[in-house]
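**Student:** Can you read through this structure? Questions will come right after.
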Amino acid sequence: MASSGSGYDLSPTTFSPDGRIFQVEYASKAVSSSGTSVGIKCADGVVMVTEKLLGNKMLVGGSGRRVHGVDRHMGCCVTGLLSDGRQLVSRSRSESSNYEETYGIKGPPGVICERIAGFAHYFTMHGALRPFGATVMVAGFDEDTKEYSLHMIEPSGVSYRYYGCSAGKGRQGAKTELEKLDLETITCEEGLKQAVKIICQMRDEGKDKPMEIEAGWVRDGKWERVKDGKVSEIEKICKEELEEEEEDMEEDE
């Protein structure tokens with residue numbers, strides 16, 4: 001971002017000479033400074049797990065949720081600025097409700113995501129607005145095609161469908177780990193464990209802030225938040241496995 005401060009970052013409607021929109025890049029930077037999130041499309045559903053950084057020791061556990069339900073068949077996970085993400089979650093719920101009222105069926109996840117992406121993109125085209133500093137993963141079940149899907153909407157307003165995706169400060173490392181998994185056969189239970197393990201791998205306990213892990217999944221055609229107690233048990237198991245793997249590597253050396 002060498003051109004920052006040269007006047008091309010004053011509005012999201014202004015392109016720099018090399019074709020960049022700096023305010024969109026700044027919004028993406030806000031996402032990459034947030035905790036890591038991982039989404040996995042499994043054989044029997046979709047799992048989403050996110051790392052919620054705790055900036056204050058006095059915070060009550062469970063405050064400032066980043067995993068939300070959109071409808072009975074769909075949920076989402078926010079990475080980046082929580083307040084910005086909350087607006088996208090609210091919009092997704094409205095779009096899903098309006099679709100059902102208009103057509104009499106549950107909104108297909110792909111259609112709802114395209115509408116949210118269009119809403120996010122609108123905020124990159126007007127000088128009086130600014131882009132959302134949040135990325136939203138959406139997991140859903142299409143009642144027409146009987147298929148599960150995982151989508152991710154970025155600050156620029158683009159929306160893609162994924163087998164596995166990641167966001168936040170550990171995005172690249174998490175992507176590498178996801179590529180090692182057999183996503184065509186993995187179950188939601190195993191996918192949840194692998195996603196939690198990946199988030200634990202991306203952390204540096206000596207430098208990173210304290211955190212909580214939140215998770216949710218769509219399986220059997222329904223959205224459900226994974227209970228915090230279950231997530232904590234899986235996190236404990238994953239940390240023990242990672243410690244054992246580190247000890248084995250040290251012994252081999």
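Residues in the structure tokens are numbered from 1 in each chain, the chains being A, B, ... in the order shown, and ligands are numbered from 1 in the order shown.
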Near His68 of chain A, within 12 Å and counting only C-alpha atoms, which residues show up once chain neighbours fewer than 2 positions away are dropped, as a PyMOL selection string?

**Tutor:** chain A and resi 48-50+64-66+70-79+82+85-90+92-93+136-139+214-218+223-226

**Student:** What parts of segment 16-245 of chain A does DSSP call helix (DSSP H, G or I)? I'd like the answer as a PyMOL selection string.

**Tutor:** chain A and resi 22-32+82-103+109-122+171-178+188-202+228-245

**Student:** Residues within 9 Å of Ser232 of chain A, please, as a ChimeraX atom specification. Count only C-alpha atoms; anything in the same chain fewer than 4 positions from it doesn't count.

**Tutor:** /A:212-213,227-228,236-237

**Student:** Env of Glu189 of chain A: 12 Å cut, atoms = only C-alpha atoms, seq-sep filter 2 positions within chain, self excluded. Answer as a list in words.

**Tutor:**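 These residues fall inside the cut-off: Ile40, Lys41, Cys42, Ala43, Asp44, Gly45, Val46, Val47, Met48, Thr185, Ile186, Thr187, Gly191, Leu192, Lys193, Gln194, Ala195, Val196, Ala215, Gly216, Trp217, Val218, Arg219, Val226, Lys230, Val231 and Ile234 of chain A.
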
**Student:** Write a file of the selected residues as a tab-separated table (two decimals), in the first residue's frame, keeping N, CA, C and O atoms.

**Tutor:**
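Ended up saving to selection-v7.tsv:
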chain	number	residue	atom	x	y	z
A	40	ILE	N	-15.56	-25.90	6.75
A	40	ILE	CA	-15.32	-27.17	6.04
A	40	ILE	C	-16.66	-27.74	5.58
A	40	ILE	O	-17.58	-27.93	6.39
A	41	LYS	N	-16.77	-28.02	4.29
A	41	LYS	CA	-17.93	-28.75	3.77
A	41	LYS	C	-17.63	-30.23	3.88
A	41	LYS	O	-16.70	-30.74	3.25
A	42	CYS	N	-18.41	-30.91	4.69
A	42	CYS	CA	-18.19	-32.33	4.96
A	42	CYS	C	-19.15	-33.19	4.15
A	42	CYS	O	-20.02	-32.68	3.44
A	43	ALA	N	-19.00	-34.51	4.29
A	43	ALA	CA	-19.86	-35.43	3.55
A	43	ALA	C	-21.31	-35.34	4.02
A	43	ALA	O	-22.23	-35.57	3.24
A	44	ASP	N	-21.51	-35.03	5.30
A	44	ASP	CA	-22.87	-35.01	5.86
A	44	ASP	C	-23.29	-33.64	6.38
A	44	ASP	O	-24.23	-33.53	7.16
A	45	GLY	N	-22.60	-32.58	5.94
A	45	GLY	CA	-22.99	-31.24	6.38
A	45	GLY	C	-21.86	-30.23	6.21
A	45	GLY	O	-20.93	-30.45	5.43
A	46	VAL	N	-21.95	-29.15	6.94
A	46	VAL	CA	-20.94	-28.08	6.89
A	46	VAL	C	-20.62	-27.65	8.32
A	46	VAL	O	-21.52	-27.47	9.15
A	47	VAL	N	-19.33	-27.46	8.59
A	47	VAL	CA	-18.86	-27.03	9.91
A	47	VAL	C	-18.15	-25.69	9.80
A	47	VAL	O	-17.38	-25.48	8.85
A	48	MET	N	-18.39	-24.78	10.75
A	48	MET	CA	-17.67	-23.51	10.81
A	48	MET	C	-17.18	-23.31	12.25
A	48	MET	O	-17.93	-23.51	13.20
A	185	THR	N	-14.90	-37.19	2.13
A	185	THR	CA	-15.36	-38.28	2.99
A	185	THR	C	-15.45	-37.90	4.47
A	185	THR	O	-16.05	-38.63	5.26
A	186	ILE	N	-14.88	-36.77	4.85
A	186	ILE	CA	-14.84	-36.39	6.26
A	186	ILE	C	-16.25	-36.10	6.79
A	186	ILE	O	-17.08	-35.52	6.08
A	187	THR	N	-16.55	-36.52	8.01
A	187	THR	CA	-17.85	-36.27	8.62
A	187	THR	C	-17.81	-34.96	9.41
A	187	THR	O	-16.75	-34.41	9.67
A	191	GLY	N	-14.76	-33.26	11.10
A	191	GLY	CA	-14.47	-31.93	10.57
A	191	GLY	C	-14.38	-30.90	11.67
A	191	GLY	O	-13.54	-29.99	11.64
A	192	LEU	N	-15.26	-31.02	12.67
A	192	LEU	CA	-15.22	-30.10	13.82
A	192	LEU	C	-13.90	-30.22	14.56
A	192	LEU	O	-13.26	-29.21	14.89
A	193	LYS	N	-13.47	-31.46	14.78
A	193	LYS	CA	-12.20	-31.67	15.48
A	193	LYS	C	-11.02	-31.11	14.68
A	193	LYS	O	-10.13	-30.44	15.23
A	194	GLN	N	-11.02	-31.35	13.36
A	194	GLN	CA	-9.93	-30.88	12.53
A	194	GLN	C	-9.90	-29.35	12.47
A	194	GLN	O	-8.83	-28.74	12.49
A	195	ALA	N	-11.07	-28.72	12.41
A	195	ALA	CA	-11.13	-27.25	12.36
A	195	ALA	C	-10.61	-26.64	13.65
A	195	ALA	O	-9.86	-25.65	13.63
A	196	VAL	N	-11.00	-27.21	14.78
A	196	VAL	CA	-10.52	-26.72	16.08
A	196	VAL	C	-9.00	-26.91	16.17
A	196	VAL	O	-8.27	-26.03	16.64
A	215	ALA	N	-18.29	-22.51	17.52
A	215	ALA	CA	-18.52	-23.38	16.37
A	215	ALA	C	-20.02	-23.55	16.10
A	215	ALA	O	-20.85	-23.40	17.00
A	216	GLY	N	-20.31	-23.84	14.86
A	216	GLY	CA	-21.68	-24.14	14.47
A	216	GLY	C	-21.65	-25.04	13.25
A	216	GLY	O	-20.65	-25.09	12.53
A	217	TRP	N	-22.73	-25.77	13.02
A	217	TRP	CA	-22.78	-26.63	11.85
A	217	TRP	C	-24.19	-26.78	11.32
A	217	TRP	O	-25.18	-26.51	12.00
A	218	VAL	N	-24.27	-27.17	10.04
A	218	VAL	CA	-25.53	-27.53	9.41
A	218	VAL	C	-25.43	-29.01	9.08
A	218	VAL	O	-24.57	-29.42	8.29
A	219	ARG	N	-26.27	-29.80	9.70
A	219	ARG	CA	-26.34	-31.22	9.37
A	219	ARG	C	-27.76	-31.70	9.61
A	219	ARG	O	-28.50	-31.09	10.38
A	226	VAL	N	-22.83	-25.40	18.03
A	226	VAL	CA	-22.20	-26.45	18.81
A	226	VAL	C	-22.03	-25.95	20.24
A	226	VAL	O	-21.56	-24.82	20.46
A	230	LYS	N	-18.84	-28.80	24.56
A	230	LYS	CA	-18.29	-29.77	23.61
A	230	LYS	C	-17.07	-29.20	22.90
A	230	LYS	O	-16.07	-29.90	22.71
A	231	VAL	N	-17.15	-27.93	22.52
A	231	VAL	CA	-16.02	-27.28	21.85
A	231	VAL	C	-14.81	-27.24	22.77
A	231	VAL	O	-13.68	-27.49	22.34
A	234	ILE	N	-13.12	-30.66	22.93
A	234	ILE	CA	-12.37	-30.93	21.70
A	234	ILE	C	-11.09	-30.09	21.66
A	234	ILE	O	-10.03	-30.58	21.27

**Student:** Would you mind listing what lies within 10 Å of segment 11-24 of chain A as a short mmCIF file (atom, residue, chain, number, x, y, z; two decimals) with N, CA, C and O atoms, in the first residue's frame, with only C-alpha atoms counted and same-chain residues fewer than 3 positions away left out?

**Tutor:**
data_model
loop_
_atom_site.label_atom_id
_atom_site.label_comp_id
_atom_site.auth_asym_id
_atom_site.auth_seq_id
_atom_site.Cartn_x
_atom_site.Cartn_y
_atom_site.Cartn_z
N MET A 1 0.83 -1.20 0.00
CA MET A 1 0.00 0.00 0.00
C MET A 1 0.87 1.26 0.00
O MET A 1 0.70 2.17 0.79
N SER A 3 0.98 3.58 -2.02
CA SER A 3 0.33 4.79 -2.50
C SER A 3 -0.61 5.40 -1.48
O SER A 3 -1.27 6.39 -1.76
N SER A 4 -0.72 4.80 -0.28
CA SER A 4 -1.65 5.33 0.71
C SER A 4 -1.23 6.73 1.12
O SER A 4 -0.05 7.04 1.23
N GLY A 5 -2.21 7.60 1.30
CA GLY A 5 -1.93 8.98 1.66
C GLY A 5 -1.75 9.88 0.47
O GLY A 5 -1.56 11.08 0.60
N SER A 6 -1.80 9.32 -0.73
CA SER A 6 -1.62 10.11 -1.93
C SER A 6 -2.95 10.62 -2.49
O SER A 6 -2.98 11.17 -3.59
N GLY A 7 -4.03 10.42 -1.76
CA GLY A 7 -5.33 10.91 -2.20
C GLY A 7 -6.23 9.86 -2.79
O GLY A 7 -7.42 10.09 -2.94
N TYR A 8 -5.69 8.69 -3.10
CA TYR A 8 -6.50 7.64 -3.71
C TYR A 8 -7.24 6.79 -2.67
O TYR A 8 -8.01 5.91 -3.05
N ALA A 27 -10.22 -2.52 4.44
CA ALA A 27 -11.25 -3.35 5.06
C ALA A 27 -10.79 -4.81 5.15
O ALA A 27 -11.01 -5.48 6.16
N SER A 28 -10.12 -5.28 4.11
CA SER A 28 -9.59 -6.65 4.12
C SER A 28 -8.50 -6.79 5.18
O SER A 28 -8.36 -7.86 5.80
N LYS A 29 -7.74 -5.72 5.40
CA LYS A 29 -6.71 -5.74 6.44
C LYS A 29 -7.34 -5.87 7.82
O LYS A 29 -6.80 -6.55 8.70
N ALA A 30 -8.50 -5.24 8.03
CA ALA A 30 -9.20 -5.37 9.31
C ALA A 30 -9.60 -6.83 9.55
O ALA A 30 -9.58 -7.32 10.69
N HIS A 121 -21.21 -5.06 -1.66
CA HIS A 121 -20.60 -4.36 -2.78
C HIS A 121 -21.13 -2.93 -2.90
O HIS A 121 -20.39 -2.01 -3.28
N PHE A 123 -21.64 -0.88 -0.70
CA PHE A 123 -20.90 0.00 0.20
C PHE A 123 -19.49 0.31 -0.29
O PHE A 123 -18.74 1.03 0.37
N THR A 124 -19.13 -0.24 -1.43
CA THR A 124 -17.82 0.09 -2.04
C THR A 124 -17.99 1.04 -3.22
O THR A 124 -16.99 1.39 -3.86
N MET A 125 -19.22 1.49 -3.50
CA MET A 125 -19.46 2.28 -4.72
C MET A 125 -19.95 3.69 -4.45
O MET A 125 -20.25 4.42 -5.39
N HIS A 126 -20.03 4.09 -3.18
CA HIS A 126 -20.55 5.41 -2.85
C HIS A 126 -19.60 6.13 -1.90
O HIS A 126 -19.16 5.56 -0.89
N GLY A 127 -19.31 7.38 -2.19
CA GLY A 127 -18.34 8.13 -1.41
C GLY A 127 -18.76 8.40 0.02
O GLY A 127 -17.92 8.61 0.89
N ALA A 128 -20.07 8.40 0.28
CA ALA A 128 -20.55 8.67 1.63
C ALA A 128 -20.54 7.43 2.51
O ALA A 128 -20.89 7.50 3.69
N LEU A 129 -20.15 6.28 1.95
CA LEU A 129 -20.15 5.01 2.68
C LEU A 129 -18.73 4.47 2.77
O LEU A 129 -17.81 4.99 2.15
N ARG A 130 -18.56 3.42 3.52
CA ARG A 130 -17.28 2.73 3.56
C ARG A 130 -17.51 1.23 3.51
O ARG A 130 -18.57 0.75 3.91
N PRO A 131 -16.54 0.46 3.02
CA PRO A 131 -16.72 -1.00 2.96
C PRO A 131 -16.84 -1.61 4.35
O PRO A 131 -16.35 -1.06 5.34
N PHE A 132 -17.50 -2.75 4.44
CA PHE A 132 -17.59 -3.49 5.70
C PHE A 132 -16.24 -4.14 6.00
O PHE A 132 -15.67 -4.82 5.15
N GLY A 133 -15.76 -3.95 7.23
CA GLY A 133 -14.51 -4.57 7.63
C GLY A 133 -14.73 -5.96 8.18
O GLY A 133 -14.23 -6.30 9.26
N GLU A 154 -16.70 -11.58 1.03
CA GLU A 154 -15.57 -10.75 1.42
C GLU A 154 -15.92 -9.26 1.37
O GLU A 154 -16.94 -8.89 0.78
N PRO A 155 -15.11 -8.39 1.97
CA PRO A 155 -15.42 -6.95 2.01
C PRO A 155 -15.61 -6.31 0.64
O PRO A 155 -16.34 -5.32 0.51
N SER A 156 -14.99 -6.87 -0.39
CA SER A 156 -15.12 -6.31 -1.74
C SER A 156 -16.49 -6.58 -2.34
O SER A 156 -16.86 -5.97 -3.34
N GLY A 157 -17.24 -7.51 -1.73
CA GLY A 157 -18.56 -7.84 -2.25
C GLY A 157 -18.57 -9.09 -3.11
O GLY A 157 -19.58 -9.40 -3.73
#

**Student:** One decimal, Å: what's the distance from atom CA of Ser37 of chain A over to atom CA of Cys200 of chain A, could you say?

**Tutor:** 11.0 Å
